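Single-structure report; data block below.
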Amino acid sequence: MRIVVKVGSSTLSYTTGRMNIRRVESLVRVLSDLKNAGHEIIFVSSGAIAMGVGKLGLAERPEDIPGKQAAAAVGQCELMYTYDKLFSEYSHTVAQILLTAADIEDENRHENFRNTILRLLEIGAVPVVNENDTVATEEIVIGDNDTLAAVVAVSVGADLLVLLTDIDGLYTSDPRENKNADRIRVVREITPEIMEAARGAGSPLGTGGMKTKLHAARTAVEAGIDMVITSGAKPESLYDIVDGKPVGTRFIGRKK
């Protein structure tokens, strides 16, 4: 299988902004093992700004674009250094790809990006994709890595898209506010009722929420790609997801 796995800032880091080393090490081990089993892995990683906030010792995430760009410039180095070190322990090579909206919207640049990822997969590397926050402005920003992950999945013809986040799926209402909320295990059609269930903001260190994940799901399923939303707290759940077992919320791709 060709699998795109996206991990959010809240999964990669503590509320301090510092990296959650134990979780990141576990995630890299599982991804490496899935690659050893013959799967092609594309890793869409948030976290550059959050890591920069932690490394710079800032009290909170910057609100202004230059502040975010500065934090991302520091944090992206931290992320890739960590991924390179950890994946190499399992004899896998990582490759960094940073994108802006212009790289997606321009036909020629989009094709170049697609060809690069496919060649990296062909030679056995693990592409690590992130938005290029160091140069992104309001005019060229993709907006969130849920959208980016869905675009990547469609571009490379992925079989499966997995969004690892701070909640274990889509619920009938916000489970942090309603203890009686039920997890929706399978979604075959994204209805207005499903969209209403997704209201709510993301964590302070991230940019996404459940609505961005549903927009990503719509992009994926329309291209015939299954998508799963689940908690990133237990990376080992990826094994069950790949095996088709009921984990989190699975959106069924529309087969053509």
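Starting from 1 in every chain, residues are counted up; chains themselves are A, B, ... following the order of the structure tokens, and ligands are numbered from 1 as listed.
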
Near Lys85 (chain A), counting only C-alpha atoms, which residues have an atom at most 12 Å away, once you skip same-chain residues fewer than 4 positions from it, shown as a list in words?
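Selected residues are Val24, Glu25, Val28, Arg29, Glu78, Leu79, Met80, Tyr81, Glu89, Tyr90, Ser91, His92, Thr93 and Val94 of chain A.
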
May I have the selected residues written with N, CA and C atoms, as a short mmCIF file (atom, residue, chain, number, x, y, z; two decimals), in the first residue's frame?
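Result file is result-v1.cif:
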```
data_model
loop_
_atom_site.label_atom_id
_atom_site.label_comp_id
_atom_site.auth_asym_id
_atom_site.auth_seq_id
_atom_site.Cartn_x
_atom_site.Cartn_y
_atom_site.Cartn_z
N VAL A 24 7.35 10.44 19.51
CA VAL A 24 7.98 10.55 18.19
C VAL A 24 8.82 9.32 17.89
N GLU A 25 9.55 8.84 18.87
CA GLU A 25 10.35 7.63 18.68
C GLU A 25 9.47 6.43 18.34
N VAL A 28 8.10 6.82 14.67
CA VAL A 28 9.11 6.51 13.66
C VAL A 28 9.36 5.01 13.60
N ARG A 29 9.36 4.35 14.74
CA ARG A 29 9.57 2.90 14.76
C ARG A 29 8.46 2.18 13.99
N GLU A 78 14.97 21.46 13.80
CA GLU A 78 14.83 20.52 14.91
C GLU A 78 14.07 19.26 14.46
N LEU A 79 12.98 19.47 13.72
CA LEU A 79 12.18 18.35 13.25
C LEU A 79 12.99 17.41 12.35
N MET A 80 13.63 17.97 11.34
CA MET A 80 14.32 17.13 10.37
C MET A 80 15.55 16.47 10.97
N TYR A 81 16.23 17.16 11.87
CA TYR A 81 17.36 16.53 12.55
C TYR A 81 16.89 15.30 13.31
N GLU A 89 18.23 5.04 12.34
CA GLU A 89 18.44 3.93 13.26
C GLU A 89 17.79 2.65 12.75
N TYR A 90 16.80 2.80 11.86
CA TYR A 90 16.12 1.64 11.26
C TYR A 90 16.51 1.50 9.78
N SER A 91 17.61 2.15 9.40
CA SER A 91 18.19 2.04 8.06
C SER A 91 17.28 2.62 6.98
N HIS A 92 16.56 3.69 7.31
CA HIS A 92 15.74 4.39 6.32
C HIS A 92 16.22 5.83 6.17
N THR A 93 16.12 6.34 4.96
CA THR A 93 16.57 7.68 4.63
C THR A 93 15.37 8.60 4.44
N VAL A 94 15.41 9.78 5.04
CA VAL A 94 14.32 10.74 4.89
C VAL A 94 14.70 11.81 3.88
#
```

Contact residues around Ala216 (chain A) with only C-alpha atoms at 7 Å, ignoring same-chain residues under 3 positions, as a VMD selection string
chain A and resid 146 to 147 150 212 to 213 219 to 220

Among the residues of region 44-240 of chain A, find those DSSP assigns to strand (DSSP E) from the backbone and print them as number ranges by chain.
A: 44-45, 94-99, 126-131, 160-165, 170-171, 183-184, 186-187, 226-231

Once you have the residues from the selection above, write them out as a compact mmCIF listing (two decimals), in the first residue's frame, restricted to N, CA and C atoms.
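out.txt, written as the output of this step:
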```txt
# COMPACT_ATOMS: atom_id res chain seq x y z
N VAL A 44 3.57 13.33 6.37
CA VAL A 44 3.27 14.76 6.39
C VAL A 44 3.31 15.21 7.85
N SER A 45 4.29 16.04 8.15
CA SER A 45 4.53 16.38 9.55
C SER A 45 4.33 17.86 9.82
N VAL A 94 15.41 9.78 5.04
CA VAL A 94 14.32 10.74 4.89
C VAL A 94 14.70 11.81 3.88
N ALA A 95 13.68 12.41 3.28
CA ALA A 95 13.87 13.51 2.33
C ALA A 95 12.87 14.60 2.66
N GLN A 96 13.34 15.82 2.80
CA GLN A 96 12.47 16.93 3.17
C GLN A 96 11.87 17.59 1.93
N ILE A 97 10.54 17.80 1.96
CA ILE A 97 9.85 18.53 0.91
C ILE A 97 8.99 19.60 1.58
N LEU A 98 9.27 20.87 1.27
CA LEU A 98 8.51 21.99 1.83
C LEU A 98 7.71 22.65 0.71
N LEU A 99 6.44 22.86 0.94
CA LEU A 99 5.53 23.35 -0.10
C LEU A 99 4.79 24.60 0.33
N VAL A 126 11.93 8.02 2.50
CA VAL A 126 10.68 8.42 3.15
C VAL A 126 10.52 9.92 2.98
N PRO A 127 9.63 10.38 2.10
CA PRO A 127 9.41 11.83 1.96
C PRO A 127 8.74 12.37 3.23
N VAL A 128 9.31 13.45 3.76
CA VAL A 128 8.72 14.15 4.90
C VAL A 128 8.25 15.51 4.40
N VAL A 129 6.94 15.72 4.37
CA VAL A 129 6.34 16.89 3.73
C VAL A 129 5.79 17.83 4.79
N ASN A 130 6.02 19.12 4.59
CA ASN A 130 5.44 20.13 5.47
C ASN A 130 5.19 21.37 4.65
N GLU A 131 4.30 22.23 5.14
CA GLU A 131 4.15 23.52 4.49
C GLU A 131 5.40 24.35 4.77
N LEU A 160 -4.27 4.98 1.04
CA LEU A 160 -4.80 5.25 2.38
C LEU A 160 -4.19 6.55 2.90
N LEU A 161 -5.03 7.35 3.57
CA LEU A 161 -4.60 8.57 4.25
C LEU A 161 -4.97 8.44 5.72
N VAL A 162 -4.01 8.66 6.60
CA VAL A 162 -4.27 8.59 8.04
C VAL A 162 -3.89 9.92 8.68
N LEU A 163 -4.84 10.51 9.41
CA LEU A 163 -4.59 11.74 10.16
C LEU A 163 -4.49 11.40 11.63
N LEU A 164 -3.30 11.54 12.20
CA LEU A 164 -3.09 11.31 13.62
C LEU A 164 -3.24 12.63 14.35
N THR A 165 -4.14 12.67 15.33
CA THR A 165 -4.46 13.92 15.98
C THR A 165 -4.60 13.71 17.48
N LEU A 170 -14.03 11.03 14.94
CA LEU A 170 -15.11 12.00 14.85
C LEU A 170 -16.26 11.55 15.73
N TYR A 171 -16.78 12.48 16.53
CA TYR A 171 -17.88 12.18 17.45
C TYR A 171 -19.15 12.90 17.03
N ARG A 183 -18.61 8.03 19.30
CA ARG A 183 -17.67 8.05 18.18
C ARG A 183 -18.31 7.44 16.94
N ILE A 184 -18.17 8.12 15.82
CA ILE A 184 -18.68 7.62 14.55
C ILE A 184 -17.58 6.77 13.93
N VAL A 186 -17.66 4.68 11.05
CA VAL A 186 -17.53 4.64 9.59
C VAL A 186 -18.39 5.76 9.00
N VAL A 187 -17.82 6.50 8.04
CA VAL A 187 -18.55 7.54 7.33
C VAL A 187 -18.51 7.20 5.85
N ASP A 226 -9.47 5.88 0.96
CA ASP A 226 -9.96 5.78 2.34
C ASP A 226 -9.14 6.71 3.23
N MET A 227 -9.80 7.32 4.22
CA MET A 227 -9.09 8.16 5.18
C MET A 227 -9.52 7.79 6.59
N VAL A 228 -8.58 7.78 7.52
CA VAL A 228 -8.85 7.46 8.91
C VAL A 228 -8.38 8.61 9.79
N ILE A 229 -9.25 9.02 10.71
CA ILE A 229 -8.88 9.97 11.76
C ILE A 229 -8.78 9.19 13.06
N THR A 230 -7.65 9.30 13.74
CA THR A 230 -7.52 8.63 15.03
C THR A 230 -6.48 9.34 15.89
N SER A 231 -6.37 8.93 17.13
CA SER A 231 -5.43 9.53 18.06
C SER A 231 -4.00 9.14 17.72
```

Residues within 12 Å of Thr16 (chain A), please, as an mmCIF file with N, CA and C atoms, in the first residue's frame. Count only C-alpha atoms; anything in the same chain fewer than 4 positions from it doesn't count.
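To be explicit, this is the file written out as selection.cif:
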```
data_model
loop_
_atom_site.group_PDB
_atom_site.id
_atom_site.type_symbol
_atom_site.label_atom_id
_atom_site.label_comp_id
_atom_site.auth_asym_id
_atom_site.auth_seq_id
_atom_site.Cartn_x
_atom_site.Cartn_y
_atom_site.Cartn_z
ATOM 1 N N SER A 9 0.727 18.896 15.323
ATOM 2 C CA SER A 9 1.611 19.475 16.336
ATOM 3 C C SER A 9 1.295 18.962 17.735
ATOM 4 N N SER A 10 0.005 18.798 18.024
ATOM 5 C CA SER A 10 -0.383 18.370 19.369
ATOM 6 C C SER A 10 0.061 16.939 19.658
ATOM 7 N N LEU A 12 2.948 15.643 18.280
ATOM 8 C CA LEU A 12 4.407 15.648 18.310
ATOM 9 C C LEU A 12 4.988 16.310 19.535
ATOM 10 N N ASN A 20 7.671 15.713 22.169
ATOM 11 C CA ASN A 20 7.316 14.523 22.932
ATOM 12 C C ASN A 20 8.185 13.381 22.400
ATOM 13 N N ALA A 50 5.616 24.960 16.307
ATOM 14 C CA ALA A 50 5.540 24.532 17.707
ATOM 15 C C ALA A 50 6.920 24.196 18.255
ATOM 16 N N MET A 51 7.733 23.492 17.451
ATOM 17 C CA MET A 51 9.078 23.147 17.894
ATOM 18 C C MET A 51 9.935 24.392 18.066
ATOM 19 N N GLY A 52 9.748 25.354 17.160
ATOM 20 C CA GLY A 52 10.490 26.604 17.276
ATOM 21 C C GLY A 52 10.117 27.379 18.523
ATOM 22 N N VAL A 53 8.827 27.365 18.839
ATOM 23 C CA VAL A 53 8.357 28.030 20.058
ATOM 24 C C VAL A 53 9.049 27.436 21.277
ATOM 25 N N GLY A 54 9.122 26.109 21.326
ATOM 26 C CA GLY A 54 9.762 25.451 22.455
ATOM 27 C C GLY A 54 11.248 25.701 22.509
ATOM 28 N N LYS A 55 11.921 25.576 21.366
ATOM 29 C CA LYS A 55 13.375 25.725 21.353
ATOM 30 C C LYS A 55 13.801 27.153 21.663
ATOM 31 N N LEU A 56 13.009 28.121 21.213
ATOM 32 C CA LEU A 56 13.334 29.521 21.478
ATOM 33 C C LEU A 56 12.893 29.980 22.865
ATOM 34 N N GLY A 57 12.131 29.115 23.558
ATOM 35 C CA GLY A 57 11.668 29.462 24.894
ATOM 36 C C GLY A 57 10.617 30.548 24.909
ATOM 37 N N LEU A 58 9.823 30.627 23.830
ATOM 38 C CA LEU A 58 8.777 31.645 23.767
ATOM 39 C C LEU A 58 7.603 31.258 24.662
ATOM 40 N N ALA A 59 6.927 32.247 25.198
ATOM 41 C CA ALA A 59 5.815 31.976 26.111
ATOM 42 C C ALA A 59 4.596 31.435 25.380
ATOM 43 N N GLU A 60 4.443 31.799 24.110
ATOM 44 C CA GLU A 60 3.287 31.342 23.345
ATOM 45 C C GLU A 60 3.600 31.403 21.858
ATOM 46 N N ARG A 61 2.734 30.790 21.070
ATOM 47 C CA ARG A 61 2.883 30.784 19.617
ATOM 48 C C ARG A 61 2.726 32.204 19.083
ATOM 49 N N PRO A 204 -3.978 24.759 21.135
ATOM 50 C CA PRO A 204 -3.290 26.041 21.033
ATOM 51 C C PRO A 204 -2.035 26.004 20.173
ATOM 52 N N LEU A 205 -1.403 24.839 20.034
ATOM 53 C CA LEU A 205 -0.161 24.756 19.277
ATOM 54 C C LEU A 205 -0.382 24.443 17.811
#
```

Could you tell me which of A:Ser13, A:Val5, A:Val151, A:Asp33 comes closest to Glu105 (chain A) if we count only C-alpha atoms?
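With only C-alpha atoms as the atom set, the closest residue is A:Val151.
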
Run DSSP on the backbone and grab whatever in region 13-218 of chain A lands in alpha helix (DSSP H); send it over as a PyMOL selection string.
chain A and resi 21-36+48-56+65-88+101-105+107-122+145-155+192-197+210-218

Just want the 10 Å neighbourhood of Met1 (chain A), counted on only C-alpha atoms, with same-chain residues fewer than 2 positions away dropped. Output as a PyMOL selection string.
chain A and resi 3-4+34-35+37-41+158-160+242

Deliver the residues from the most recent selection as a file, using N, CA and C atoms, as a tab-separated table (two decimals), in the first residue's frame.
```
chain	number	residue	atom	x	y	z
A	3	ILE	N	0.84	4.74	1.57
A	3	ILE	CA	0.14	5.31	2.72
A	3	ILE	C	0.70	6.70	3.04
A	4	VAL	N	-0.20	7.68	3.16
A	4	VAL	CA	0.17	9.01	3.63
A	4	VAL	C	-0.26	9.12	5.09
A	34	LEU	N	6.40	-0.57	9.08
A	34	LEU	CA	5.45	-0.68	7.97
A	34	LEU	C	6.19	-0.60	6.63
A	35	LYS	N	7.21	0.23	6.58
A	35	LYS	CA	8.02	0.30	5.35
A	35	LYS	C	8.78	-1.00	5.14
A	37	ALA	N	7.74	-3.82	5.88
A	37	ALA	CA	6.76	-4.81	5.43
A	37	ALA	C	6.40	-4.64	3.96
A	38	GLY	N	6.94	-3.60	3.32
A	38	GLY	CA	6.72	-3.41	1.90
A	38	GLY	C	5.82	-2.26	1.53
A	39	HIS	N	5.30	-1.53	2.52
A	39	HIS	CA	4.44	-0.39	2.23
A	39	HIS	C	5.28	0.84	1.88
A	40	GLU	N	4.73	1.71	1.05
A	40	GLU	CA	5.36	2.99	0.75
A	40	GLU	C	4.78	4.04	1.71
A	41	ILE	N	5.67	4.75	2.39
A	41	ILE	CA	5.26	5.70	3.42
A	41	ILE	C	5.60	7.12	3.00
A	158	ALA	N	-2.40	7.70	-3.52
A	158	ALA	CA	-2.27	6.89	-2.32
A	158	ALA	C	-3.45	5.94	-2.16
A	159	ASP	N	-3.22	4.85	-1.45
A	159	ASP	CA	-4.29	3.90	-1.13
A	159	ASP	C	-4.99	4.26	0.18
A	160	LEU	N	-4.27	4.98	1.04
A	160	LEU	CA	-4.80	5.25	2.38
A	160	LEU	C	-4.19	6.55	2.90
A	242	VAL	N	-3.88	-0.24	8.89
A	242	VAL	CA	-3.42	-0.79	7.62
A	242	VAL	C	-4.09	-2.14	7.35
```

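Counting only C-alpha atoms and comparing A:Ala181, A:Ala223, A:Ala48, A:Ile104, the residue that lies closest to Gly157 (chain A) is A:Ala223.
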
Set the distance at 12 Å and use only C-alpha atoms: which residues neighbour Leu27 (chain A) once local chain neighbours fewer than 4 positions away are removed? I'd like the list as a PyMOL selection string.
chain A and resi 5-7+11-12+20-23+31-34+43+45+83+86-87+164+231-239

Taking only C-alpha atoms into account, name the residue in A:Arg188, A:Arg18, A:Arg109, A:Lys179 that is nearest to Arg250 (chain A).
A:Arg188

Just checking: using only C-alpha atoms, which residue out of A:Asn178, A:Ile117, A:Pro246, A:Lys255 ends up closest to Val221 (chain A)?
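Selected residue with least distance to Val221 (chain A): A:Lys255.
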